[in-house]
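**Student:** Okay, so here is start.pdb, and as you'll see once you scroll down, it has PDB, C-alpha atoms.
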```pdb
ATOM      1  CA  MET A 181      -1.546   9.483  24.191  1.00  0.00           C
ATOM      2  CA  GLY A 182       2.151   9.060  23.518  1.00  0.00           C
ATOM      3  CA  ALA A 183       4.455   9.260  20.562  1.00  0.00           C
ATOM      4  CA  ILE A 184       4.266   6.727  17.739  1.00  0.00           C
ATOM      5  CA  ASN A 185       7.204   4.384  17.211  1.00  0.00           C
ATOM      6  CA  ILE A 186       8.360   5.444  13.752  1.00  0.00           C
ATOM      7  CA  LYS A 187       9.948   2.130  12.717  1.00  0.00           C
ATOM      8  CA  ARG A 188       7.003   0.039  13.879  1.00  0.00           C
ATOM      9  CA  PHE A 189       4.425   2.269  12.229  1.00  0.00           C
ATOM     10  CA  GLY A 190       6.440   2.243   9.004  1.00  0.00           C
ATOM     11  CA  LEU A 191       6.588  -1.559   9.195  1.00  0.00           C
ATOM     12  CA  ALA A 192       2.828  -1.765   9.795  1.00  0.00           C
ATOM     13  CA  VAL A 193       2.005   0.410   6.785  1.00  0.00           C
ATOM     14  CA  GLY A 194       4.565  -1.346   4.580  1.00  0.00           C
ATOM     15  CA  LEU A 195       3.278  -4.816   5.441  1.00  0.00           C
ATOM     16  CA  THR A 196      -0.333  -3.719   5.011  1.00  0.00           C
ATOM     17  CA  LEU A 197       0.428  -2.564   1.469  1.00  0.00           C
ATOM     18  CA  VAL A 198       2.305  -5.808   0.762  1.00  0.00           C
ATOM     19  CA  PHE A 199      -0.765  -7.796   1.869  1.00  0.00           C
ATOM     20  CA  LEU A 200      -2.985  -5.662  -0.387  1.00  0.00           C
ATOM     21  CA  ARG A 201      -0.622  -6.258  -3.314  1.00  0.00           C
ATOM     22  CA  LEU A 202      -0.619  -9.996  -2.599  1.00  0.00           C
ATOM     23  CA  GLY A 203      -4.419  -9.812  -2.709  1.00  0.00           C
ATOM     24  CA  CYS A 204      -4.185  -8.227  -6.155  1.00  0.00           C
ATOM     25  CA  ILE A 205      -1.820 -10.970  -7.300  1.00  0.00           C
ATOM     26  CA  ILE A 206      -4.250 -13.614  -6.048  1.00  0.00           C
ATOM     27  CA  VAL A 207      -7.137 -11.932  -7.898  1.00  0.00           C
ATOM     28  CA  PHE A 208      -5.081 -11.949 -11.097  1.00  0.00           C
ATOM     29  CA  LEU A 209      -4.133 -15.601 -10.687  1.00  0.00           C
ATOM     30  CA  MET A 210      -7.640 -16.856  -9.907  1.00  0.00           C
ATOM     31  CA  THR A 211      -9.741 -14.926 -12.422  1.00  0.00           C
ATOM     32  CA  THR A 212      -9.934 -14.312 -16.142  1.00  0.00           C
ATOM     33  CA  ARG A 213      -8.947 -10.985 -17.654  1.00  0.00           C
ATOM     34  CA  GLU A 214     -12.611  -9.991 -18.039  1.00  0.00           C
ATOM     35  CA  GLN A 215     -13.401 -10.832 -14.401  1.00  0.00           C
ATOM     36  CA  THR A 216     -10.316  -8.908 -13.278  1.00  0.00           C
ATOM     37  CA  VAL A 217     -11.383  -5.850 -15.270  1.00  0.00           C
ATOM     38  CA  ILE A 218     -14.880  -6.004 -13.737  1.00  0.00           C
ATOM     39  CA  PHE A 219     -13.421  -6.388 -10.227  1.00  0.00           C
ATOM     40  CA  PHE A 220     -11.040  -3.433 -10.497  1.00  0.00           C
ATOM     41  CA  ASN A 221     -13.532  -1.225 -12.360  1.00  0.00           C
ATOM     42  CA  THR A 222     -15.931  -1.759  -9.470  1.00  0.00           C
ATOM     43  CA  LEU A 223     -13.211  -1.239  -6.871  1.00  0.00           C
ATOM     44  CA  LEU A 224     -12.094   2.017  -8.525  1.00  0.00           C
ATOM     45  CA  HIS A 225     -15.624   3.455  -8.766  1.00  0.00           C
ATOM     46  CA  GLY A 226     -16.090   2.828 -12.481  1.00  0.00           C
ATOM     47  CA  ILE A 227     -12.658   3.851 -13.777  1.00  0.00           C
ATOM     48  CA  ASP A 228     -12.048   1.655 -16.825  1.00  0.00           C
ATOM     49  CA  VAL A 229      -8.790  -0.239 -16.289  1.00  0.00           C
ATOM     50  CA  SER A 230      -9.096  -2.470 -19.350  1.00  0.00           C
ATOM     51  CA  SER A 231      -6.652  -0.424 -21.425  1.00  0.00           C
ATOM     52  CA  ILE A 232      -3.944  -0.330 -18.724  1.00  0.00           C
ATOM     53  CA  LEU A 233      -4.400  -3.744 -17.129  1.00  0.00           C
ATOM     54  CA  LYS A 234      -1.336  -5.959 -17.429  1.00  0.00           C
ATOM     55  CA  THR A 235      -2.307  -9.524 -16.581  1.00  0.00           C
ATOM     56  CA  GLU A 236       0.961 -11.263 -17.418  1.00  0.00           C
ATOM     57  CA  MET A 237       3.879 -10.674 -15.069  1.00  0.00           C
ATOM     58  CA  SER A 238       7.008 -12.629 -14.343  1.00  0.00           C
ATOM     59  CA  ILE A 239       7.822 -13.813 -10.826  1.00  0.00           C
ATOM     60  CA  SER A 240      10.705 -11.327 -10.657  1.00  0.00           C
ATOM     61  CA  GLU A 241       8.333  -8.450 -11.520  1.00  0.00           C
ATOM     62  CA  MET A 242       5.952  -9.565  -8.758  1.00  0.00           C
ATOM     63  CA  VAL A 243       8.736  -9.829  -6.184  1.00  0.00           C
ATOM     64  CA  PHE A 244      10.246  -6.489  -7.209  1.00  0.00           C
ATOM     65  CA  GLY A 245       6.780  -4.899  -6.994  1.00  0.00           C
ATOM     66  CA  LEU A 246       6.312  -6.300  -3.477  1.00  0.00           C
ATOM     67  CA  ILE A 247       9.668  -4.853  -2.424  1.00  0.00           C
ATOM     68  CA  GLN A 248       8.835  -1.484  -3.973  1.00  0.00           C
ATOM     69  CA  ILE A 249       5.418  -1.275  -2.324  1.00  0.00           C
ATOM     70  CA  PHE A 250       6.920  -2.235   1.052  1.00  0.00           C
ATOM     71  CA  VAL A 251       9.602   0.454   0.833  1.00  0.00           C
ATOM     72  CA  LEU A 252       7.082   3.100  -0.240  1.00  0.00           C
ATOM     73  CA  GLY A 253       4.702   2.021   2.525  1.00  0.00           C
ATOM     74  CA  TRP A 254       7.471   2.057   5.137  1.00  0.00           C
ATOM     75  CA  LEU A 255       8.563   5.539   4.088  1.00  0.00           C
ATOM     76  CA  THR A 256       4.967   6.760   4.108  1.00  0.00           C
ATOM     77  CA  GLY A 257       4.282   5.282   7.553  1.00  0.00           C
ATOM     78  CA  ALA A 258       7.535   6.632   8.973  1.00  0.00           C
ATOM     79  CA  THR A 259       6.730  10.078   7.570  1.00  0.00           C
ATOM     80  CA  ILE A 260       3.232  10.050   9.072  1.00  0.00           C
ATOM     81  CA  ALA A 261       4.592   8.949  12.472  1.00  0.00           C
ATOM     82  CA  SER A 262       7.342  11.588  12.337  1.00  0.00           C
ATOM     83  CA  ILE A 263       4.891  14.373  11.533  1.00  0.00           C
ATOM     84  CA  TYR A 264       2.558  13.165  14.277  1.00  0.00           C
ATOM     85  CA  ASN A 265       5.391  12.999  16.824  1.00  0.00           C
ATOM     86  CA  PHE A 266       6.656  16.430  15.806  1.00  0.00           C
ATOM     87  CA  SER A 267       3.211  18.012  16.167  1.00  0.00           C
ATOM     88  CA  PHE A 268       2.609  16.049  19.400  1.00  0.00           C
ATOM     89  CA  ASN A 269       5.800  17.454  20.934  1.00  0.00           C
ATOM     90  CA  LYS A 270       4.936  21.010  19.878  1.00  0.00           C
ATOM     91  CA  LYS A 271       1.490  20.825  21.496  1.00  0.00           C
ATOM     92  CA  LYS A 272       2.782  19.251  24.694  1.00  0.00           C
ATOM     93  CA  GLY A 273       2.572  21.797  27.439  1.00  0.00           C
ATOM     94  CA  CYS A 274       0.562  24.238  25.390  1.00  0.00           C
ATOM     95  CA  CYS A 275      -2.476  25.698  27.067  1.00  0.00           C
ATOM     96  CA  ILE A 276      -4.606  26.327  23.968  1.00  0.00           C
TER      97      ILE A 276
END
```
Have the structure of the file written as structure tokens, please.
**Tutor:**
Amino acid sequence: MGAINIKRFGLAVGLTLVFLRLGCIIVFLMTTREQTVIFFNTLLHGIDVSSILKTEMSISEMVFGLIQIFVLGWLTGATIASIYNFSFNKKKGCCI
């Protein structure tokens, strides 16, 4: 097994998180507040989100959130790939 391409892995993680966030936006747009609370309470293993749930967002907030989640996902993916590649190179040639 070879090294992971850092930029591609970062892109994959970033886009995956963007798709998950888009899924959240779709849930918010297609359901009532009560249905949304039930959905996320179930998803989060019973954590009550009713007091922190913000159901009204402007388009600019949604777009900015998508950009933020992509950047955080890219940085997370790039960090994971870098750590993997670093540990992969250290173990290469080792006889243990």
**Student:** Mind giving me the straight-line distance from atom CA of A:Leu246 to atom CA of A:Thr212 in Å, one decimal?
**Tutor:** 22.1 Å
**Student:** List the spatial neighbours of stretch 256-270 of chain A as a ChimeraX atom specification - criterion: any atom at most 8 Å away, all atoms listed in the file, same-chain residues fewer than 6 positions off excluded.
**Tutor:** /A:183-187,189-194
**Student:** Evaluating the PyMOL selection byres ((chain A and resi 208) around 12) on the displayed file yields which residues, as number ranges by chain?
**Tutor:** A: 201-207, 209-220, 233-237, 242
**Student:** Suppose you want the space between atom CA of A:Val198 and atom CA of A:Met181; what is it in Å?
**Tutor:**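 That distance, rounded to one decimal, is 28.2 Å.
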**Student:** In Å, rounded to a single decimal, give me how far atom CA of A:Leu224 is from atom CA of A:Arg188.
**Tutor:**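 Result for atom CA of A:Arg188 versus atom CA of A:Leu224: 29.5 Å, one decimal.
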**Student:** Given all atoms listed in the file as the basis, pick out the residue of A:Leu195, A:Ile227, A:Leu200, A:Ile232 nearest to A:Phe250.
**Tutor:**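 Of A:Leu195, A:Ile227, A:Leu200, A:Ile232, the one nearest A:Phe250 is A:Leu195, counting all atoms listed in the file.
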